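A.B. asks: The structure's right below; bear with me while I get my questions together.
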Amino acid sequence: MAEAQFNLSKLQLQKSILQRVAETDFSKFDSNAVAVMAGKTREVASFIAAVNEVFTREVGPKISSVADGLAGLRKRLLS
Amino acid sequence: MKNINLGLELKGLVENVSALVENISSIRGHVTRSSEDIPAAFSKLDTVNSETESATSQLMDILDNLSESDKQAGELIIKLENDLAGKEEYREIFDGLKAIIDKNQEQHIRVLETLQFQDITSQQIRHVTSLLMNVEKELSGILATFENFSRPSDHTEIDTQSFNPHAIFADKKEEQADIDDLVKKYRHEQ
């Protein structure tokens, strides 16, 4: 539970760990187990892709619009 | 073949995580910029409020002086009128002077009433400031989620009871009369 709070630098660290894992030679492992892992990995990737889609399509533009609005307000007030 | 698939799936996962990091970084950038914009807006609104308050206060002082002058001029005219009692040729001049002073006093009262705009704009600005504070609080919350970091607000909380967000300025004598009645009633009760 201590790790539950989101942290961007941890996410970046875990990304580089995954990068190293992807370079592993999986031929030494049981092929069925590797196939199951591949399926599970695809599921996780699809979930993150869906999250990204929400960020790109909905959250990002909304946040950007709020940021533009506040920047405009600041500009008008300071001009 | 299956080995190659897992490697590819992992690379796909890494790409998606990269995109996620990019998305979050971009949003964090927007949020950070926004939370920096708000204090500047606060500061400007504060300046606007204090400048209008100061100007209004000076105008009210000037009006007080003018009213005092009207009163003194009125007293001098009455004195002169008494000194020249019976001289009918001055009657028209005295009446004219009194009418001018009355009109001046009436205009000064109207200016004084009009100056209530400052109180109204001040309340509206406080309302905007209060809304901006809420936005800043929300943005700090989002930043805290992203960064495990919370920037404490350095602004004093605004009492939301201290302003009327719907305050408008209306030049209605009836409304002023209502306010005067309320003040009289309050004083009477004390």
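Naming scheme: A, B, ... for chains in displayed order of the structure tokens; residues 1 onward per chain; ligands 1 onward as shown.
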For a quick test of understanding: name the residues of chain A lying within 6 Å of chain B when counting only C-alpha atoms, and present them as a CSV table (one decimal) with C-alpha atoms, in the first residue's frame.

C.D. replies:
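File iface_27.csv, as written:
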```
chain,number,residue,atom,x,y,z
A,7,ASN,CA,4.9,8.7,-9.0
A,15,LYS,CA,9.7,1.5,-18.1
A,22,ALA,CA,12.2,-7.2,-23.4
A,26,PHE,CA,13.1,-16.2,-23.6
A,27,SER,CA,14.2,-19.4,-25.5
A,35,ALA,CA,3.0,-17.8,-24.4
A,38,ALA,CA,2.9,-12.8,-23.8
A,42,ARG,CA,-0.7,-7.8,-24.3
A,45,ALA,CA,-0.4,-3.1,-22.9
A,49,ALA,CA,-3.2,2.0,-24.6
A,52,ASN,CA,-3.5,6.8,-23.2
A,67,ALA,CA,-4.4,26.1,-18.9
A,74,ARG,CA,-3.3,36.3,-16.5
```
